[in-house]
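Notes follow once the structure below has been shown.
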Amino acid sequence: MPILQLLAAALLALAPPAPQDPRTAYDVQGYWIDLRVDPTRQRIEGSVSVEVRVLAPALEELVLDLADALEVRAVAAREGLLEDAAGELAPAGRPTSFHHAESLLACRLQPPAPAGAALTLTIAYAGQPRAVNAFDGFHWERTADGSPWIGTSCQGLGAHTWWPCKASFFHPEDKPERLRVDLTVPPGLFAVSNGRLAGRRTGDDGWETFRWRHDYPLETYAVTLNVAPYVVIERELELAGIAEPVLMAWYVLPEDEAKARLQFAELPGVIEAFGAAFGSWPFPHSKIGLVQTPFWGMEHSTAVAYGSSFPAWIAQNGGKDRYAARNRWFDYILVHETAHEWWGNAVSAADWGDFWLHEGFATYAEGVFVEWRDGRAAADRFFAELERSVPRRGALFRGSGRTSGQAYSAILYGKGGLVLNTLRHYVEDDQAWWQALRQFNLRFRYGNATSEDFRGVLEEVTGREWGRFFAEWVHGDGFPRLAGVVRRAGPGLLVEVDNDPPAPEGFLVPLDLAWIEGERELARRLWLEPGASRLEIACSAPPRDVRVVHLERVLGKHDVRVE
């Protein structure tokens with residue numbers, strides 16, 4: 001080892017270790033959110049109980065995320081989990097000291113909790129969370145008649161902007177096992193959250209409490225609060241692979257009920273398409289939910305936010321669709337956000353570097369829906385259009401240890417969906433392809449996964465090694481560009497193609513040819529390494545009707561002609 005490298009290694013050994021994130025010292029088991037939502041004062045007030053198991057040898061201080069703008073009034077700790085409290089909030093426990101600054105809430109535990117201990121912290125707090133733009137944050141809006149219309153969207157900011165938690169914005173790997181949400185709202189309003197409605201009660205002041213229960217893991221950004229004078233439209237769906245009917249519920253503004261009944265009638269088909277492709281509906285004991293919101297849309301688990309334009313209604317009744325470009329193939333929000341129930345909500349990235357497991361898979365699911373509805377040729381056209389949105393440079397993997405905000409990029413959508421479409425072409429076995437997708441979803445359902453986990457399932461199902469593909473297409477930069485000709489040369493074929501790499505590594509790309517030789521139809525797949533290729537194919541008779549087959553299914557800018 002050169003002397004400078006030896007010196008650097010010695011200095012590194014002497015340097016103090018990086019401080020450990022205190023939020024890794026425990027594992028969240030569940031949350032119980034109990035809030036009074038006051039539209040007049042634009043204020044929330046109540047408590048959040050956090051159930052945890054201690055992972056550290058001893059835990060003296062439990063650290064949560066909570067925005068500085070929210071006021072913490074008290075913190076109490078008790079042994080055990082609220083799950084043991086027979087469905088009711090247990091006594092808050094012993095008051096404990098806390099420190100709240102820089103969006104961190106540090107709660108002192110006396111005595112320290114040992115490894116493996118189960119405990120519950122209840123944080124009483126209040127404040128006025130706000131939206132930061134038309135999409136992100138806590139929205140205090142009004143309907144056309146002036147009624148309150150409230151919703152949340154916090155994937156890009158973190159759930160801690162409106163409630164104390166171990167935010168998946170920083171720690172996507174720690175999904176709670178369950179969620180309870182009690183929302184108390186003024187008379188005449190309906191409050192919607194995740195899961196199923198477990199009860200309603202009216203207080204002496206006329207305000208009504210809606211109790212929601214979601215008995216599945218989820219990321220904290222997928223937790224939602226919605227309040228409006230909603231009309232509730234419900235029906236039950238019989239779904240393949242699920243023994244009991246599943247509740248489908250739509251929560252819409254009264255003035256848009258007719259629009260919603262027309263538009264949302266498409267939802268059962270979307271559920272059927274994704275269930276067939278990726279495995280049965282992931283949350284049968286909760287619901288399939290759509291909630292009309294004052295922002296465009298968000299994949300809140302079992303309560304998908306819908307703020308789109310009801311394009312089916314517009315097409316039937318005339319008018320201009322402000323989202324026409326996004327709704328060209330289908331109602332974008334309806335299809336894309338529902339796909340996240342499988343990719344993002346049921347299976348979540350273990351690290352935000354693999355954010356494409358959410359957005360790329362959900363974008364690919366859009367093409368799956370097109371194929372289910374209109375056939376593979378239509379899906380090919382859909383993906384061809386999608387390719388126009390993908391920049392020439394950029395990698396899907398976003399780097400380890402990033403927050404959701406740092407990892408987010410538009411490239412996750414188009415390139416992610418097209419890389420999966422490309423991978424299906426590489427696999428060249430649809431039975432294995434769909435089996436791998438379903439097995440990946442079912443194996444990691446309700447948990448977290450990485451790109452390598454997906455690769456492992458694919459290799460298991462196909463019996464082939466896919467390390468190079470993932471290195472080039474997931475971790476690598478850009479996409480290939482094939483240019484050249486396939487021509488008849490005597491009794492055979494001559495292939496002269498340049499595989500132009502966008503980076504030094506390049507891509508291994510399949511080139512599929514088909515032709516007629518005598519009375520036989522023949523096909524052959526050639527694997528092109530980066531750089532120039534000159535390949536000869538011997539034929540027993542002069543080849544006719546020579547074609548390059550489905551090169552458009554490989555992401556890239558290609559121009560391979562037959563002469």
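Chain labels run A, B, ... following the order of the structure tokens; each chain numbers its residues from 1, and ligands are numbered from 1 in the order shown.
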I want to know what sits within 9 Å of stretch 172-183 of chain A, based on only C-alpha atoms, with residues of the same chain fewer than 4 positions away left out; could you give that as a ChimeraX atom specification? /A:24,27-37,51-52,166-168,191-195,208-220,223,225,227,348-352,403-404,446-449
With only C-alpha atoms counted and 12 Å as the cut-off, give the residues of stretch 128-231 of chain A in contact with stretch 116-122 of chain A, each with its shortest interatomic distance in Å and the pair that gives it, as CSV.
residue,atom,partner,partner_atom,distance
A:Trp163,CA,A:Thr122,CA,11.8
A:Pro164,CA,A:Thr122,CA,9.7
A:Cys165,CA,A:Leu121,CA,10.6
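The shortest atom-to-atom distance to A:Glu552, with only C-alpha atoms taken into account, belongs to A:Ala377 out of A:Arg445, A:Ala265, A:Ala377, A:Ala532.
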Atom CA of A:Arg53 to atom CA of A:Ala115 measures 7.9 Å
From a backbone DSSP assignment, name each residue in stretch 138-342 of chain A labelled strand (DSSP E), as a PyMOL selection string. chain A and resi 138-142+148-153+178-185+190-192+196-202+208-214+226-228+231-237+246-252+288-292+297-298+304-306
Can I get the residues of stretch 330-419 of chain A within 7 Å of stretch 299-316 of chain A, each with the closest pair of atoms and their distance in Å to one decimal, using only C-alpha atoms, sorted chain first then ascending number, as a Markdown table?
| residue | atom | partner | partner_atom | distance |
| --- | --- | --- | --- | --- |
| A:Asp331 | CA | A:Pro311 | CA | 6.5 |
| A:Ile333 | CA | A:Ser308 | CA | 6.5 |
| A:Glu337 | CA | A:Glu299 | CA | 4.9 |
| A:Thr338 | CA | A:Glu299 | CA | 6.8 |
| A:His340 | CA | A:Glu299 | CA | 6.0 |
| A:Glu341 | CA | A:Ser301 | CA | 6.3 |
| A:Asn345 | CA | A:Ser301 | CA | 6.2 |
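Compared by their closest atoms to A:Ser97, and using only C-alpha atoms, the residues A:Arg393, A:Gln128, A:Gln110, A:Gly241 rank with A:Gln110 nearest.
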Determine the nearest neighbour of A:Leu267 from the options A:Leu66, A:Ala144, A:Met248, A:Val185, counting only C-alpha atoms. A:Met248
Might you pull out every residue within 10 Å of A:Ala471, with only C-alpha atoms counted and same-chain residues fewer than 5 positions away left off, and present them as a PyMOL selection string? chain A and resi 397+466+476-477+505+507
Using N, CA and C atoms, can you write the selected residues to a file as a compact mmCIF listing (two decimals), in the first residue's frame?
# COMPACT_ATOMS: atom_id res chain seq x y z
N PHE A 397 -30.85 3.91 -9.07
CA PHE A 397 -30.44 3.85 -7.67
C PHE A 397 -29.97 5.22 -7.25
N TRP A 466 -28.77 -12.45 -12.92
CA TRP A 466 -29.15 -11.13 -13.43
C TRP A 466 -28.31 -10.00 -12.84
N GLY A 476 -26.42 1.61 -13.09
CA GLY A 476 -25.69 2.29 -14.15
C GLY A 476 -26.36 3.56 -14.63
N ASP A 477 -25.65 4.30 -15.43
CA ASP A 477 -26.10 5.61 -15.89
C ASP A 477 -26.65 5.52 -17.31
N GLU A 505 -19.06 1.96 -19.04
CA GLU A 505 -19.45 0.56 -18.81
C GLU A 505 -20.29 0.00 -19.96
N PHE A 507 -23.88 -1.31 -21.99
CA PHE A 507 -24.98 -2.23 -21.73
C PHE A 507 -24.87 -3.45 -22.63
Name the residues of stretch 328-447 of chain A that come out as alpha helix (DSSP H) in a backbone DSSP run; write them as a ChimeraX atom specification. /A:332-339,356-374,376-386,404-407,411-427,430-444
Kindly indicate which residue among A:Asp498, A:Asp545, A:Glu460, A:Glu255 lies nearest to A:Leu528, using only C-alpha atoms for the distances.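 Ranking A:Asp498, A:Asp545, A:Glu460, A:Glu255 by distance to A:Leu528, first place goes to A:Asp498.
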Surrounding residues of A:Pro187 excluding itself and chain neighbours under 5 positions, 9 Å, only C-alpha atoms, as a ChimeraX atom specification: /A:202,206-208
At what distance in Å, to one decimal, does atom CA of A:Gly297 lie from atom CA of A:Gly156? 12.9 Å
Which one of A:Arg553, A:His358, A:Thr143, A:Thr224 sits closest to A:Pro254 if you count only C-alpha atoms? A:Thr143
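Across the structure, atom CA of A:Tyr364 and atom CA of A:Asp453 are spaced 18.0 Å apart.
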